[in-house]
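Structure data (mmCIF, N, CA and C atoms) from final32.cif:
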data_upload
loop_
_atom_site.label_atom_id
_atom_site.label_comp_id
_atom_site.auth_asym_id
_atom_site.auth_seq_id
_atom_site.Cartn_x
_atom_site.Cartn_y
_atom_site.Cartn_z
N MET A 1 184.71 33.15 28.49
CA MET A 1 185.33 33.80 27.35
C MET A 1 185.06 35.30 27.39
N TRP A 2 183.82 35.68 27.53
CA TRP A 2 183.46 37.10 27.54
C TRP A 2 183.31 37.62 28.96
N GLY A 3 183.49 36.76 29.95
CA GLY A 3 183.30 37.20 31.32
C GLY A 3 181.85 37.15 31.75
N PHE A 4 180.99 36.54 30.94
CA PHE A 4 179.56 36.46 31.24
C PHE A 4 179.23 35.00 31.48
N SER A 5 178.74 34.70 32.68
CA SER A 5 178.40 33.31 32.96
C SER A 5 176.98 33.26 33.52
N PRO A 6 176.05 32.66 32.77
CA PRO A 6 174.69 32.52 33.27
C PRO A 6 174.67 31.64 34.52
N PRO A 7 173.67 31.83 35.38
CA PRO A 7 173.65 31.09 36.63
C PRO A 7 173.43 29.59 36.46
N CYS A 8 172.84 29.14 35.36
CA CYS A 8 172.62 27.70 35.20
C CYS A 8 172.65 27.34 33.71
N ALA A 9 172.69 26.04 33.44
CA ALA A 9 172.77 25.56 32.06
C ALA A 9 171.49 25.86 31.28
N MET A 10 170.36 25.98 31.96
CA MET A 10 169.09 26.25 31.29
C MET A 10 169.14 27.60 30.59
N ASN A 11 169.76 28.60 31.21
CA ASN A 11 169.88 29.92 30.58
C ASN A 11 170.73 29.85 29.33
N LYS A 12 171.75 29.00 29.32
CA LYS A 12 172.57 28.84 28.12
C LYS A 12 171.75 28.24 26.98
N LYS A 13 170.90 27.29 27.30
CA LYS A 13 170.05 26.68 26.27
C LYS A 13 169.07 27.70 25.72
N ILE A 14 168.46 28.48 26.58
CA ILE A 14 167.51 29.50 26.14
C ILE A 14 168.22 30.55 25.29
N LEU A 15 169.40 30.97 25.71
CA LEU A 15 170.17 31.94 24.95
C LEU A 15 170.55 31.38 23.58
N PHE A 16 170.96 30.11 23.53
CA PHE A 16 171.33 29.49 22.27
C PHE A 16 170.13 29.39 21.34
N ILE A 17 168.98 28.97 21.86
CA ILE A 17 167.78 28.87 21.03
C ILE A 17 167.36 30.24 20.53
N GLY A 18 167.45 31.25 21.37
CA GLY A 18 167.09 32.61 20.95
C GLY A 18 168.00 33.12 19.86
N LEU A 19 169.31 32.90 19.99
CA LEU A 19 170.24 33.37 18.97
C LEU A 19 170.05 32.64 17.66
N VAL A 20 169.83 31.34 17.71
CA VAL A 20 169.59 30.57 16.49
C VAL A 20 168.31 31.05 15.82
N SER A 21 167.28 31.32 16.61
CA SER A 21 166.03 31.82 16.05
C SER A 21 166.24 33.17 15.36
N LEU A 22 167.02 34.04 15.97
CA LEU A 22 167.29 35.34 15.36
C LEU A 22 168.04 35.20 14.05
N LEU A 23 168.91 34.21 13.96
CA LEU A 23 169.67 34.03 12.73
C LEU A 23 168.85 33.37 11.63
N ILE A 24 167.91 32.51 12.00
CA ILE A 24 167.13 31.78 11.00
C ILE A 24 165.95 32.60 10.49
N MET A 25 165.35 33.43 11.33
CA MET A 25 164.12 34.15 10.99
C MET A 25 164.23 34.97 9.70
N PRO A 26 165.27 35.79 9.50
CA PRO A 26 165.30 36.57 8.26
C PRO A 26 165.32 35.71 7.00
N GLY A 27 166.03 34.60 7.03
CA GLY A 27 166.06 33.71 5.87
C GLY A 27 164.70 33.12 5.57
N LEU A 28 163.98 32.74 6.61
CA LEU A 28 162.63 32.20 6.41
C LEU A 28 161.68 33.26 5.87
N VAL A 29 161.79 34.45 6.40
CA VAL A 29 160.88 35.53 5.98
C VAL A 29 161.14 35.92 4.53
N PHE A 30 162.38 36.11 4.18
CA PHE A 30 162.69 36.53 2.81
C PHE A 30 162.43 35.41 1.81
N GLY A 31 162.39 34.18 2.26
CA GLY A 31 162.08 33.06 1.37
C GLY A 31 160.62 33.04 0.96
N PHE A 32 159.73 33.65 1.72
CA PHE A 32 158.31 33.62 1.42
C PHE A 32 157.81 34.85 0.67
N SER A 33 158.66 35.82 0.41
CA SER A 33 158.18 37.03 -0.24
C SER A 33 157.87 36.75 -1.71
N SER A 34 156.81 37.37 -2.20
CA SER A 34 156.43 37.21 -3.60
C SER A 34 156.13 38.59 -4.18
N PRO A 35 156.49 38.80 -5.45
CA PRO A 35 156.24 40.11 -6.05
C PRO A 35 154.76 40.33 -6.32
N PRO A 36 154.32 41.58 -6.36
CA PRO A 36 152.92 41.85 -6.67
C PRO A 36 152.63 41.52 -8.14
N PRO A 37 151.38 41.22 -8.46
CA PRO A 37 151.05 40.91 -9.86
C PRO A 37 151.28 42.13 -10.74
N PRO A 38 151.67 41.92 -11.99
CA PRO A 38 151.93 43.06 -12.88
C PRO A 38 150.66 43.86 -13.16
N GLY A 39 150.83 45.18 -13.22
CA GLY A 39 149.72 46.06 -13.55
C GLY A 39 148.80 46.38 -12.39
N SER A 40 149.14 45.97 -11.18
CA SER A 40 148.27 46.27 -10.04
C SER A 40 148.61 47.65 -9.50
N THR A 41 147.65 48.55 -9.53
CA THR A 41 147.86 49.91 -9.03
C THR A 41 146.72 50.31 -8.10
N ASN A 42 146.37 49.43 -7.20
CA ASN A 42 145.31 49.77 -6.25
C ASN A 42 145.91 50.50 -5.05
N LEU A 43 145.07 50.89 -4.12
CA LEU A 43 145.50 51.64 -2.94
C LEU A 43 146.52 50.85 -2.12
N GLY A 44 146.33 49.54 -2.05
CA GLY A 44 147.26 48.70 -1.29
C GLY A 44 148.66 48.76 -1.85
N SER A 45 148.79 48.78 -3.18
CA SER A 45 150.13 48.84 -3.76
C SER A 45 150.76 50.22 -3.56
N VAL A 46 149.95 51.27 -3.57
CA VAL A 46 150.48 52.61 -3.32
C VAL A 46 150.98 52.70 -1.88
N ILE A 47 150.19 52.22 -0.95
CA ILE A 47 150.61 52.21 0.46
C ILE A 47 151.85 51.35 0.63
N GLY A 48 151.87 50.22 -0.07
CA GLY A 48 153.05 49.35 -0.01
C GLY A 48 154.30 50.04 -0.53
N ASN A 49 154.16 50.81 -1.60
CA ASN A 49 155.32 51.52 -2.15
C ASN A 49 155.81 52.60 -1.18
N VAL A 50 154.89 53.30 -0.54
CA VAL A 50 155.28 54.31 0.44
C VAL A 50 155.97 53.65 1.64
N LEU A 51 155.40 52.54 2.11
CA LEU A 51 156.02 51.82 3.22
C LEU A 51 157.40 51.30 2.83
N ASP A 52 157.55 50.82 1.61
CA ASP A 52 158.86 50.35 1.15
C ASP A 52 159.89 51.47 1.20
N ALA A 53 159.50 52.65 0.75
CA ALA A 53 160.43 53.79 0.76
C ALA A 53 160.82 54.16 2.19
N ILE A 54 159.84 54.20 3.08
CA ILE A 54 160.12 54.54 4.48
C ILE A 54 160.99 53.48 5.13
N LEU A 55 160.67 52.22 4.89
CA LEU A 55 161.43 51.14 5.52
C LEU A 55 162.85 51.05 4.97
N THR A 56 163.03 51.39 3.71
CA THR A 56 164.38 51.42 3.15
C THR A 56 165.23 52.45 3.86
N VAL A 57 164.67 53.62 4.10
CA VAL A 57 165.41 54.67 4.82
C VAL A 57 165.68 54.22 6.26
N LEU A 58 164.67 53.64 6.92
CA LEU A 58 164.86 53.18 8.29
C LEU A 58 165.91 52.08 8.37
N TRP A 59 165.95 51.20 7.37
CA TRP A 59 166.95 50.12 7.37
C TRP A 59 168.36 50.71 7.26
N VAL A 60 168.54 51.70 6.40
CA VAL A 60 169.85 52.33 6.25
C VAL A 60 170.26 53.00 7.56
N VAL A 61 169.32 53.68 8.20
CA VAL A 61 169.61 54.34 9.48
C VAL A 61 169.96 53.29 10.54
N ALA A 62 169.23 52.19 10.58
CA ALA A 62 169.50 51.14 11.57
C ALA A 62 170.89 50.54 11.38
N VAL A 63 171.26 50.27 10.13
CA VAL A 63 172.60 49.72 9.87
C VAL A 63 173.67 50.73 10.27
N ALA A 64 173.44 52.01 9.99
CA ALA A 64 174.41 53.03 10.39
C ALA A 64 174.55 53.09 11.91
N VAL A 65 173.45 52.99 12.63
CA VAL A 65 173.49 53.02 14.10
C VAL A 65 174.24 51.80 14.62
N ILE A 66 174.02 50.64 14.01
CA ILE A 66 174.73 49.42 14.43
C ILE A 66 176.24 49.60 14.23
N ILE A 67 176.63 50.11 13.08
CA ILE A 67 178.05 50.31 12.80
C ILE A 67 178.66 51.30 13.80
N ILE A 68 177.96 52.39 14.05
CA ILE A 68 178.46 53.40 14.99
C ILE A 68 178.57 52.80 16.39
N ALA A 69 177.61 51.97 16.80
CA ALA A 69 177.65 51.36 18.13
C ALA A 69 178.88 50.47 18.29
N PHE A 70 179.19 49.67 17.27
CA PHE A 70 180.34 48.78 17.38
C PHE A 70 181.66 49.54 17.26
N VAL A 71 181.71 50.59 16.47
CA VAL A 71 182.92 51.42 16.41
C VAL A 71 183.14 52.10 17.76
N PHE A 72 182.07 52.59 18.37
CA PHE A 72 182.15 53.20 19.69
C PHE A 72 182.67 52.19 20.72
N ALA A 73 182.15 50.97 20.67
CA ALA A 73 182.61 49.94 21.60
C ALA A 73 184.08 49.61 21.35
N GLY A 74 184.49 49.60 20.09
CA GLY A 74 185.90 49.36 19.78
C GLY A 74 186.80 50.45 20.35
N PHE A 75 186.36 51.70 20.23
CA PHE A 75 187.14 52.79 20.82
C PHE A 75 187.20 52.66 22.34
N LYS A 76 186.12 52.18 22.94
CA LYS A 76 186.13 51.97 24.39
C LYS A 76 187.16 50.91 24.77
N TYR A 77 187.23 49.83 23.97
CA TYR A 77 188.22 48.80 24.24
C TYR A 77 189.64 49.36 24.09
N ILE A 78 189.86 50.13 23.05
CA ILE A 78 191.20 50.68 22.82
C ILE A 78 191.59 51.64 23.93
N SER A 79 190.66 52.49 24.33
CA SER A 79 190.97 53.48 25.36
C SER A 79 191.00 52.89 26.76
N ALA A 80 190.52 51.66 26.94
CA ALA A 80 190.53 51.03 28.26
C ALA A 80 191.95 50.75 28.74
N GLN A 81 192.84 50.43 27.85
CA GLN A 81 194.25 50.17 28.16
C GLN A 81 194.42 49.16 29.29
N GLY A 82 193.57 48.16 29.32
CA GLY A 82 193.71 47.09 30.29
C GLY A 82 193.10 47.33 31.64
N GLU A 83 192.52 48.49 31.88
CA GLU A 83 191.88 48.75 33.17
C GLU A 83 190.60 47.93 33.26
N PRO A 84 190.46 47.12 34.30
CA PRO A 84 189.31 46.20 34.38
C PRO A 84 187.95 46.90 34.33
N GLY A 85 187.81 48.03 34.96
CA GLY A 85 186.53 48.74 34.96
C GLY A 85 186.15 49.24 33.57
N LYS A 86 187.13 49.79 32.86
CA LYS A 86 186.87 50.31 31.52
C LYS A 86 186.67 49.17 30.52
N VAL A 87 187.38 48.06 30.71
CA VAL A 87 187.18 46.90 29.83
C VAL A 87 185.78 46.35 30.03
N LYS A 88 185.31 46.35 31.28
CA LYS A 88 183.96 45.87 31.55
C LYS A 88 182.92 46.77 30.88
N GLU A 89 183.15 48.09 30.90
CA GLU A 89 182.24 49.02 30.21
C GLU A 89 182.24 48.76 28.71
N ALA A 90 183.43 48.52 28.15
CA ALA A 90 183.53 48.24 26.72
C ALA A 90 182.82 46.94 26.39
N HIS A 91 182.95 45.94 27.24
CA HIS A 91 182.26 44.67 27.03
C HIS A 91 180.75 44.87 27.05
N LYS A 92 180.26 45.68 27.97
CA LYS A 92 178.83 45.97 28.03
C LYS A 92 178.37 46.69 26.76
N ALA A 93 179.21 47.58 26.23
CA ALA A 93 178.86 48.28 24.99
C ALA A 93 178.73 47.30 23.84
N VAL A 94 179.65 46.33 23.76
CA VAL A 94 179.56 45.31 22.71
C VAL A 94 178.32 44.46 22.91
N LEU A 95 178.07 44.06 24.15
CA LEU A 95 176.90 43.22 24.43
C LEU A 95 175.61 43.94 24.05
N TRP A 96 175.48 45.22 24.40
CA TRP A 96 174.28 45.96 24.05
C TRP A 96 174.19 46.19 22.54
N GLY A 97 175.34 46.30 21.88
CA GLY A 97 175.33 46.39 20.43
C GLY A 97 174.78 45.13 19.80
N VAL A 98 175.18 43.98 20.32
CA VAL A 98 174.67 42.70 19.82
C VAL A 98 173.18 42.56 20.10
N VAL A 99 172.77 42.95 21.31
CA VAL A 99 171.35 42.87 21.66
C VAL A 99 170.53 43.80 20.75
N GLY A 100 171.03 45.01 20.53
CA GLY A 100 170.33 45.94 19.64
C GLY A 100 170.23 45.42 18.22
N THR A 101 171.30 44.81 17.74
CA THR A 101 171.28 44.23 16.40
C THR A 101 170.24 43.11 16.32
N GLY A 102 170.19 42.28 17.34
CA GLY A 102 169.19 41.21 17.37
C GLY A 102 167.78 41.75 17.39
N VAL A 103 167.54 42.79 18.16
CA VAL A 103 166.20 43.39 18.22
C VAL A 103 165.82 43.98 16.87
N ILE A 104 166.76 44.66 16.22
CA ILE A 104 166.47 45.25 14.91
C ILE A 104 166.15 44.16 13.89
N LEU A 105 166.95 43.08 13.88
CA LEU A 105 166.69 41.99 12.93
C LEU A 105 165.36 41.31 13.22
N LEU A 106 165.06 41.12 14.49
CA LEU A 106 163.79 40.48 14.85
C LEU A 106 162.61 41.37 14.46
N ALA A 107 162.71 42.67 14.73
CA ALA A 107 161.63 43.58 14.36
C ALA A 107 161.44 43.61 12.85
N TRP A 108 162.54 43.64 12.12
CA TRP A 108 162.47 43.65 10.66
C TRP A 108 161.81 42.36 10.15
N SER A 109 162.19 41.24 10.74
CA SER A 109 161.62 39.95 10.32
C SER A 109 160.12 39.89 10.61
N VAL A 110 159.72 40.37 11.77
CA VAL A 110 158.29 40.39 12.11
C VAL A 110 157.53 41.28 11.14
N LEU A 111 158.09 42.44 10.82
CA LEU A 111 157.45 43.36 9.90
C LEU A 111 157.28 42.73 8.52
N ILE A 112 158.31 42.10 8.01
CA ILE A 112 158.23 41.45 6.70
C ILE A 112 157.23 40.31 6.74
N THR A 113 157.20 39.55 7.83
CA THR A 113 156.24 38.45 7.96
C THR A 113 154.81 38.97 7.92
N VAL A 114 154.53 40.02 8.68
CA VAL A 114 153.18 40.59 8.70
C VAL A 114 152.80 41.12 7.33
N ARG A 115 153.74 41.80 6.65
CA ARG A 115 153.46 42.32 5.31
C ARG A 115 153.16 41.20 4.33
N ASN A 116 153.89 40.09 4.45
CA ASN A 116 153.64 38.97 3.55
C ASN A 116 152.29 38.29 3.84
N ILE A 117 151.95 38.20 5.10
CA ILE A 117 150.65 37.60 5.46
C ILE A 117 149.51 38.48 4.96
N LEU A 118 149.63 39.79 5.13
CA LEU A 118 148.57 40.71 4.70
C LEU A 118 148.60 40.97 3.19
N GLY A 119 149.71 40.64 2.54
CA GLY A 119 149.81 40.86 1.10
C GLY A 119 150.05 42.30 0.72
N VAL A 120 150.60 43.09 1.62
CA VAL A 120 150.86 44.51 1.34
C VAL A 120 152.24 44.66 0.74
#
Could I get this structure in the form of structure tokens?
Amino acid sequence: MWGFSPPCAMNKKILFIGLVSLLIMPGLVFGFSSPPPPGSTNLGSVIGNVLDAILTVLWVVAVAVIIIAFVFAGFKYISAQGEPGKVKEAHKAVLWGVVGTGVILLAWSVLITVRNILGV
């Protein structure tokens, strides 16, 4: 379909398990989050508030980069005009966009998991 064929069926299974894990992880992580107790103003909550502000900005930047990457790949497809070499480049741009999105979601999920475990 995409012109990408793994050398054996085992790679397809590993790829499928990896993609399913990437899709399930954020739901599991966000399901375990709990709000801080009311009236808590210790150093941990101050650090948590600063981290929340920084991570909110980073999340917005990451989403913007993802959108720009896919728009760029779309322009590559449009400008390829059926040339096999340029279509292959556009396909690689889409593939790397998907990989980057997966890495960002996985990193975000790990970060939220660690924060929930530490209670920050």
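Using all atoms listed in the file, the smallest distance between any of A:Gly100, A:Asn116, A:Ser109, A:Val50 and Ile66 of chain A comes from A:Gly100.
Proximity of A:Leu15, A:Asp52, A:Val61, A:Leu23 to Leu106 of chain A, computed with only C-alpha atoms, is greatest for A:Leu23.
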query = If you measure from atom CA of Leu58 of chain A to atom N of Leu105 of chain A, what distance in Å do you get, rounded to one decimal?
reply = 11.7 Å
message = What does the structure give for the distance between atom C of Ala93 of chain A and atom C of Lys13 of chain A, in Å to one decimal?
response = 21.9 Å
Within 8 Å of segment 68-76 of chain A using all atoms listed in the file, minus same-chain residues under 5 positions, as a VMD selection string = chain A and resid 62 to 63 81 86 to 87 89 to 98
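Reported to one decimal place, the separation of atom C of Val110 of chain A from atom CA of Gly18 of chain A is 16.2 Å.
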